[in-house]
Amino acid sequence: GAVVSQHPSWVICKSGTSVKIECRSLDFQATTMFWYRQFPKQSLMLMATSNEGSKATYEQGVEKDKFLINHASLTLSTLTVTSAHPEDSSFYICSAKPPRGASSNGYTFGSGTRLTVV
Amino acid sequence: GNSVTQMEGPVTLSEEAFLTINCTYTATGYPSLFWYVQYPGEGLQLLLKATKADDKGSNKGFEATYRKETTSFHLEKGSVQVSDSAVYFCALINTNTGTASKLTFGTGTRLQVTL
C-alpha cells in the first residue's frame with residue numbers, strides 16, 4: 001500500500017537555528033502533500049498544501065516565511081522551520097494523496113516529527 | 001463550510017467493554033467519511049472509511065455507518081482491548097471540489113482501556 005516516510009522522527013535544536021523535515025512517498029508519486037501541526041492533546045491543524053512544482057498554499061495565520069515548504073519532486077516535500085523559537089516546538093505531521101487519485105480513499109500520513117526548540 | 005464534531009474525551013473503559021465514539025458532520029454534497037487512529041508518539045493511521053450513505057466501514061473489530069439522515073458516522077467496537085488505547089479522529093473529505101480536497105478533522109477523542 002501507499003507508504004509515507006517522515007524524517008526525522010524527533011529533533012532538538014537551539015533557538016535561532018533552522019530545521020528541515022522531510023516527507024517522502026516511498027512507493028507512489030504524490031503531486032499533493034499536506035503539512036499539519038499538532039499541539040499536545042489537540043487535533044491536527046492544517047498548515048499548508050504542498051503542490052509539486054508550484055508554490056505551497058498556506059492556511060490563514062501560518063507564516064510562509066517562517067515555515068518554508070518545498071515540493072521539488074513527486075516523492076519529496078520538505079518543511080523548513082526557519083529561525084526556530086521555543087513556541088515552534090510541536091509535533092509536525094505530513095500526509096500525501098494516494099496515487100489512485102480518489103480523495104475518497106483518504107490520505108496516508110507520515111509518522112510525525114517531534115520538534116523541540118531550546 | 002465543512003466541519004466535524006466529536007464527543008469529548010477522554011473515554012475510559014474496562015477491557016471487553018462496548019465502545020461508542022460519536023461523530024457528526026456538516027458538509028455540502030456527499031463527503032467521504034473516515035476514522036483515523038493515532039497511537040502515542042505516532043502519526044495517523046486510517047482505521048476505516050465510508051464513501052456514500054449507508055456504507056459501513058469496518059476494520060479490526062471497529063465499525064462505523066455513514067448515516068446521511070442524521071449526518072453521523074459513529075465509531076463502535078463490541079469489545080475493546082488495552083491495545084486500542086489511542087486517540088481517534090473522525091474526518092471528512094468533500095470530493096465535490098474536483099481538486100485535492102483537504103481533510104477536515106474533529107478534535108479527537110482519547111480512549112483509555114484498562115484491565
# chains A, B, ... in the order shown; residues from 1 in each chain; ligands from 1
call {"tool": "interface_residues", "arguments": {"of": "chain A", "to": "chain B", "cutoff": "6 Å", "atoms": "only C-alpha atoms", "output": "count of residues only"}}
result
6
call {"tool": "select_by_dssp", "arguments": {"residues": "chain A", "states": "strand (DSSP E)", "output": "MDAnalysis selection string"}}
result
chainID A and resid 4:7 10:13 19:25 32:38 44:51 57:58 67:73 76:81 90:96 108:109 113:117
call {"tool": "select_by_dssp", "arguments": {"residues": "chain A", "states": "helix (DSSP H, G or I)", "output": "PyMOL selection string"}}
result
chain A and resi 86-88+103-105
call {"tool": "write_last_selection", "arguments": {"atoms": "all heavy atoms", "output": "CSV table (one decimal), in the first residue's frame"}}
result
chain,number,residue,atom,x,y,z
A,86,PRO,N,11.2,28.6,20.8
A,86,PRO,CA,10.5,27.6,21.6
A,86,PRO,C,9.0,27.4,21.3
A,86,PRO,O,8.5,26.3,21.4
A,86,PRO,CB,10.8,28.1,23.1
A,86,PRO,CG,12.1,28.8,23.0
A,86,PRO,CD,12.1,29.5,21.6
A,87,GLU,N,8.4,28.5,20.9
A,87,GLU,CA,6.9,28.4,20.6
A,87,GLU,C,6.7,27.6,19.3
A,87,GLU,O,5.5,27.2,19.1
A,87,GLU,CB,6.3,29.7,20.5
A,87,GLU,CG,6.9,30.7,19.5
A,87,GLU,CD,7.9,31.6,20.1
A,87,GLU,OE1,8.6,31.2,21.1
A,87,GLU,OE2,8.1,32.7,19.6
A,88,ASP,N,7.7,27.3,18.6
A,88,ASP,CA,7.6,26.4,17.4
A,88,ASP,C,7.6,25.0,17.8
A,88,ASP,O,7.4,24.1,16.9
A,88,ASP,CB,8.7,26.7,16.4
A,88,ASP,CG,8.6,28.2,15.9
A,88,ASP,OD1,7.5,28.7,15.7
A,88,ASP,OD2,9.7,28.8,15.6
A,103,SER,N,-9.8,11.1,-3.7
A,103,SER,CA,-9.7,11.6,-2.4
A,103,SER,C,-10.5,10.7,-1.4
A,103,SER,O,-10.3,10.7,-0.2
A,103,SER,CB,-10.2,13.0,-2.3
A,103,SER,OG,-9.3,13.9,-3.1
A,104,SER,N,-11.5,10.1,-2.0
A,104,SER,CA,-12.4,9.3,-1.1
A,104,SER,C,-11.7,8.1,-0.5
A,104,SER,O,-12.2,7.4,0.4
A,104,SER,CB,-13.6,8.8,-1.9
A,104,SER,OG,-13.2,8.0,-3.0
A,105,ASN,N,-10.5,7.8,-1.0
A,105,ASN,CA,-9.7,6.7,-0.3
A,105,ASN,C,-9.0,7.2,0.9
A,105,ASN,O,-8.4,6.4,1.6
A,105,ASN,CB,-8.6,6.2,-1.3
A,105,ASN,CG,-9.2,5.4,-2.4
A,105,ASN,OD1,-10.3,4.7,-2.2
A,105,ASN,ND2,-8.7,5.4,-3.6
call {"tool": "closest_residue", "arguments": {"among": "A:Thr32, A:Leu26, A:Arg37, A:Thr113", "to": "Thr57 in chain A", "atoms": "only C-alpha atoms"}}
result
A:Thr32
call {"tool": "residues_around", "arguments": {"residues": "Ile12 in chain A", "least_positions_apart": "3", "cutoff": "9 Å", "atoms": "only C-alpha atoms", "output": "short mmCIF file (atom, residue, chain, number, x, y, z; two decimals) with N, CA and C atoms, in the first residue's frame"}}
result
data_model
loop_
_atom_site.label_atom_id
_atom_site.label_comp_id
_atom_site.auth_asym_id
_atom_site.auth_seq_id
_atom_site.Cartn_x
_atom_site.Cartn_y
_atom_site.Cartn_z
N ARG A 114 8.69 15.16 16.08
CA ARG A 114 8.59 15.93 17.33
C ARG A 114 9.73 16.94 17.33
N LEU A 115 9.41 18.22 17.24
CA LEU A 115 10.41 19.28 17.26
C LEU A 115 10.41 19.95 18.62
N THR A 116 11.59 20.02 19.21
CA THR A 116 11.77 20.73 20.48
C THR A 116 12.84 21.80 20.27
N VAL A 117 12.48 23.04 20.53
CA VAL A 117 13.41 24.15 20.38
C VAL A 117 13.80 24.63 21.78
N VAL A 118 15.11 24.64 22.02
CA VAL A 118 15.57 25.01 23.38
C VAL A 118 16.35 26.31 23.34
#
call {"tool": "closest_residue", "arguments": {"among": "B:Leu111, B:Val11, B:Cys23, B:Val80", "to": "Pro40 in chain B", "atoms": "only C-alpha atoms"}}
result
B:Leu111
call {"tool": "residues_around", "arguments": {"residues": "Lys77 in chain B", "least_positions_apart": "5", "cutoff": "6 Å", "atoms": "only C-alpha atoms", "output": "list in words"}}
result
Phe18, Leu19, Gly61 and Phe62 of chain B
call {"tool": "atom_distance", "arguments": {"atom1": "CA of Glu8 in chain B", "atom2": "CA of Glu63 in chain B"}}
result
19.2 Å
call {"tool": "atom_distance", "arguments": {"atom1": "CA of Thr82 in chain A", "atom2": "CA of Trp35 in chain A"}}
result
15.4 Å
call {"tool": "residues_around", "arguments": {"residues": "Met33 in chain A", "least_positions_apart": "6", "cutoff": "7 Å", "atoms": "only C-alpha atoms", "output": "list in words"}}
result
Thr49, Ser50, Asn51, Cys94, Ser95, Ala96 and Lys97 of chain A
call {"tool": "write_last_selection", "arguments": {"atoms": "N, CA, C and O atoms", "output": "short mmCIF file (atom, residue, chain, number, x, y, z; two decimals), in the first residue's frame"}}
result
data_model
loop_
_atom_site.label_atom_id
_atom_site.label_comp_id
_atom_site.auth_asym_id
_atom_site.auth_seq_id
_atom_site.Cartn_x
_atom_site.Cartn_y
_atom_site.Cartn_z
N THR A 49 -0.78 23.30 2.03
CA THR A 49 -0.89 22.28 0.99
C THR A 49 0.29 22.45 0.06
O THR A 49 0.52 23.55 -0.48
N SER A 50 1.04 21.38 -0.13
CA SER A 50 2.25 21.41 -0.93
C SER A 50 1.98 20.76 -2.29
O SER A 50 1.55 19.62 -2.35
N ASN A 51 2.21 21.52 -3.34
CA ASN A 51 1.97 21.02 -4.69
C ASN A 51 3.28 20.92 -5.45
O ASN A 51 4.06 21.87 -5.49
N CYS A 94 3.05 15.06 8.14
CA CYS A 94 2.74 15.27 6.73
C CYS A 94 1.78 14.17 6.26
O CYS A 94 1.66 13.11 6.88
N SER A 95 1.10 14.44 5.18
CA SER A 95 0.28 13.41 4.56
C SER A 95 0.30 13.60 3.05
O SER A 95 0.63 14.68 2.56
N ALA A 96 -0.02 12.54 2.34
CA ALA A 96 0.02 12.58 0.88
C ALA A 96 -1.25 11.98 0.31
O ALA A 96 -1.79 11.01 0.87
N LYS A 97 -1.67 12.52 -0.79
CA LYS A 97 -2.82 11.98 -1.50
C LYS A 97 -2.38 10.70 -2.21
O LYS A 97 -1.33 10.68 -2.85
#
call {"tool": "atom_distance", "arguments": {"atom1": "CA of Ala27 in chain B", "atom2": "CA of Gly1 in chain B"}}
result
6.3 Å
call {"tool": "residues_around", "arguments": {"residues": "Lys68 in chain B", "least_positions_apart": "4", "cutoff": "9 Å", "atoms": "only C-alpha atoms", "output": "ChimeraX atom specification"}}
result
/B:30,52-54,72-73
call {"tool": "write_last_selection", "arguments": {"atoms": "N, CA, C and O atoms", "output": "short mmCIF file (atom, residue, chain, number, x, y, z; two decimals), in the first residue's frame"}}
result
data_model
loop_
_atom_site.label_atom_id
_atom_site.label_comp_id
_atom_site.auth_asym_id
_atom_site.auth_seq_id
_atom_site.Cartn_x
_atom_site.Cartn_y
_atom_site.Cartn_z
N TYR B 30 -21.84 15.29 -0.89
CA TYR B 30 -21.67 13.93 -0.39
C TYR B 30 -20.22 13.68 -0.03
O TYR B 30 -19.45 13.14 -0.82
N LYS B 52 -20.24 6.62 0.82
CA LYS B 52 -21.59 7.04 0.47
C LYS B 52 -22.57 6.60 1.55
O LYS B 52 -22.26 5.76 2.40
N ALA B 53 -23.75 7.18 1.48
CA ALA B 53 -24.77 6.93 2.50
C ALA B 53 -25.05 5.43 2.65
O ALA B 53 -25.11 4.70 1.66
N ASP B 54 -25.18 5.02 3.92
CA ASP B 54 -25.49 3.64 4.32
C ASP B 54 -24.30 2.69 4.19
O ASP B 54 -24.41 1.52 4.55
N SER B 72 -24.21 11.52 10.60
CA SER B 72 -23.38 10.93 11.65
C SER B 72 -22.52 9.79 11.11
O SER B 72 -22.82 9.20 10.07
N PHE B 73 -21.48 9.50 11.87
CA PHE B 73 -20.55 8.42 11.50
C PHE B 73 -19.92 7.91 12.80
O PHE B 73 -18.73 8.01 13.03
#
call {"tool": "residues_around", "arguments": {"residues": "Ala64 in chain B", "least_positions_apart": "4", "cutoff": "7 Å", "atoms": "only C-alpha atoms", "output": "ChimeraX atom specification"}}
result
/B:56-58,73-76
call {"tool": "closest_residue", "arguments": {"among": "B:Gln112, B:Thr24, B:Ser85, B:Thr12", "to": "Glu69 in chain B", "atoms": "only C-alpha atoms"}}
result
B:Thr24
call {"tool": "decode", "arguments": {"residues": "range 53-66 of chain B", "atoms": "all heavy atoms", "output": "compact mmCIF listing (two decimals), in the first residue's frame"}}
result
# COMPACT_ATOMS: atom_id res chain seq x y z
N ALA B 53 -23.75 7.18 1.48
CA ALA B 53 -24.77 6.93 2.50
C ALA B 53 -25.05 5.43 2.65
O ALA B 53 -25.11 4.70 1.66
CB ALA B 53 -26.04 7.69 2.15
N ASP B 54 -25.18 5.02 3.92
CA ASP B 54 -25.49 3.64 4.32
C ASP B 54 -24.30 2.69 4.19
O ASP B 54 -24.41 1.52 4.55
CB ASP B 54 -26.69 3.08 3.57
CG ASP B 54 -27.95 3.89 3.82
OD1 ASP B 54 -28.11 4.42 4.93
OD2 ASP B 54 -28.76 4.04 2.88
N ASP B 55 -23.16 3.19 3.69
CA ASP B 55 -21.95 2.37 3.67
C ASP B 55 -21.54 2.09 5.11
O ASP B 55 -21.62 2.97 5.97
CB ASP B 55 -20.81 3.10 2.97
CG ASP B 55 -20.71 2.74 1.51
OD1 ASP B 55 -21.54 1.94 1.03
OD2 ASP B 55 -19.79 3.24 0.85
N LYS B 56 -21.01 0.91 5.35
CA LYS B 56 -20.43 0.59 6.65
C LYS B 56 -18.96 0.32 6.46
O LYS B 56 -18.58 -0.57 5.70
CB LYS B 56 -21.11 -0.62 7.28
CG LYS B 56 -20.48 -1.04 8.61
CD LYS B 56 -21.09 -2.33 9.18
CE LYS B 56 -22.44 -2.09 9.79
NZ LYS B 56 -22.94 -3.31 10.49
N GLY B 57 -18.13 1.09 7.14
CA GLY B 57 -16.70 0.82 7.15
C GLY B 57 -16.39 -0.06 8.35
O GLY B 57 -17.00 0.08 9.41
N SER B 58 -15.44 -0.98 8.17
CA SER B 58 -15.08 -1.85 9.29
C SER B 58 -13.62 -2.26 9.18
O SER B 58 -13.08 -2.41 8.08
CB SER B 58 -15.97 -3.09 9.32
OG SER B 58 -15.81 -3.84 8.14
N ASN B 59 -13.00 -2.45 10.34
CA ASN B 59 -11.60 -2.84 10.38
C ASN B 59 -11.23 -3.15 11.82
O ASN B 59 -11.58 -2.39 12.73
CB ASN B 59 -10.69 -1.74 9.83
CG ASN B 59 -9.24 -2.16 9.73
OD1 ASN B 59 -8.93 -3.33 9.60
ND2 ASN B 59 -8.35 -1.19 9.79
N LYS B 60 -10.54 -4.24 12.05
CA LYS B 60 -10.03 -4.62 13.38
C LYS B 60 -11.14 -4.64 14.44
O LYS B 60 -10.89 -4.30 15.61
CB LYS B 60 -8.93 -3.65 13.81
CG LYS B 60 -7.73 -3.63 12.89
CD LYS B 60 -6.68 -2.64 13.38
CE LYS B 60 -5.50 -2.59 12.44
NZ LYS B 60 -4.46 -1.63 12.89
N GLY B 61 -12.34 -4.98 14.06
CA GLY B 61 -13.44 -5.04 15.01
C GLY B 61 -14.18 -3.74 15.18
O GLY B 61 -15.23 -3.69 15.83
N PHE B 62 -13.66 -2.66 14.61
CA PHE B 62 -14.32 -1.36 14.65
C PHE B 62 -15.28 -1.25 13.46
O PHE B 62 -15.00 -1.76 12.39
CB PHE B 62 -13.31 -0.22 14.58
CG PHE B 62 -12.46 -0.07 15.79
CD1 PHE B 62 -11.25 -0.76 15.90
CD2 PHE B 62 -12.84 0.75 16.84
CE1 PHE B 62 -10.45 -0.63 17.02
CE2 PHE B 62 -12.04 0.90 17.96
CZ PHE B 62 -10.85 0.21 18.05
N GLU B 63 -16.39 -0.54 13.70
CA GLU B 63 -17.36 -0.30 12.64
C GLU B 63 -17.89 1.12 12.73
O GLU B 63 -17.96 1.70 13.81
CB GLU B 63 -18.56 -1.26 12.75
CG GLU B 63 -18.26 -2.71 12.52
CD GLU B 63 -19.53 -3.54 12.60
OE1 GLU B 63 -20.53 -3.06 13.18
OE2 GLU B 63 -19.52 -4.67 12.09
N ALA B 64 -18.29 1.64 11.57
CA ALA B 64 -19.00 2.93 11.54
C ALA B 64 -19.87 2.95 10.30
O ALA B 64 -19.43 2.51 9.23
CB ALA B 64 -18.02 4.09 11.52
N THR B 65 -21.09 3.46 10.44
CA THR B 65 -22.03 3.50 9.32
C THR B 65 -22.32 4.94 8.95
O THR B 65 -22.61 5.78 9.82
CB THR B 65 -23.35 2.79 9.68
OG1 THR B 65 -23.05 1.43 10.02
CG2 THR B 65 -24.31 2.82 8.51
N TYR B 66 -22.24 5.23 7.67
CA TYR B 66 -22.48 6.56 7.12
C TYR B 66 -23.99 6.81 7.13
O TYR B 66 -24.72 6.23 6.34
CB TYR B 66 -21.93 6.57 5.70
CG TYR B 66 -21.85 7.88 4.97
CD1 TYR B 66 -20.80 8.11 4.09
CD2 TYR B 66 -22.81 8.88 5.09
CE1 TYR B 66 -20.70 9.29 3.36
CE2 TYR B 66 -22.73 10.05 4.37
CZ TYR B 66 -21.66 10.25 3.50
OH TYR B 66 -21.58 11.42 2.77
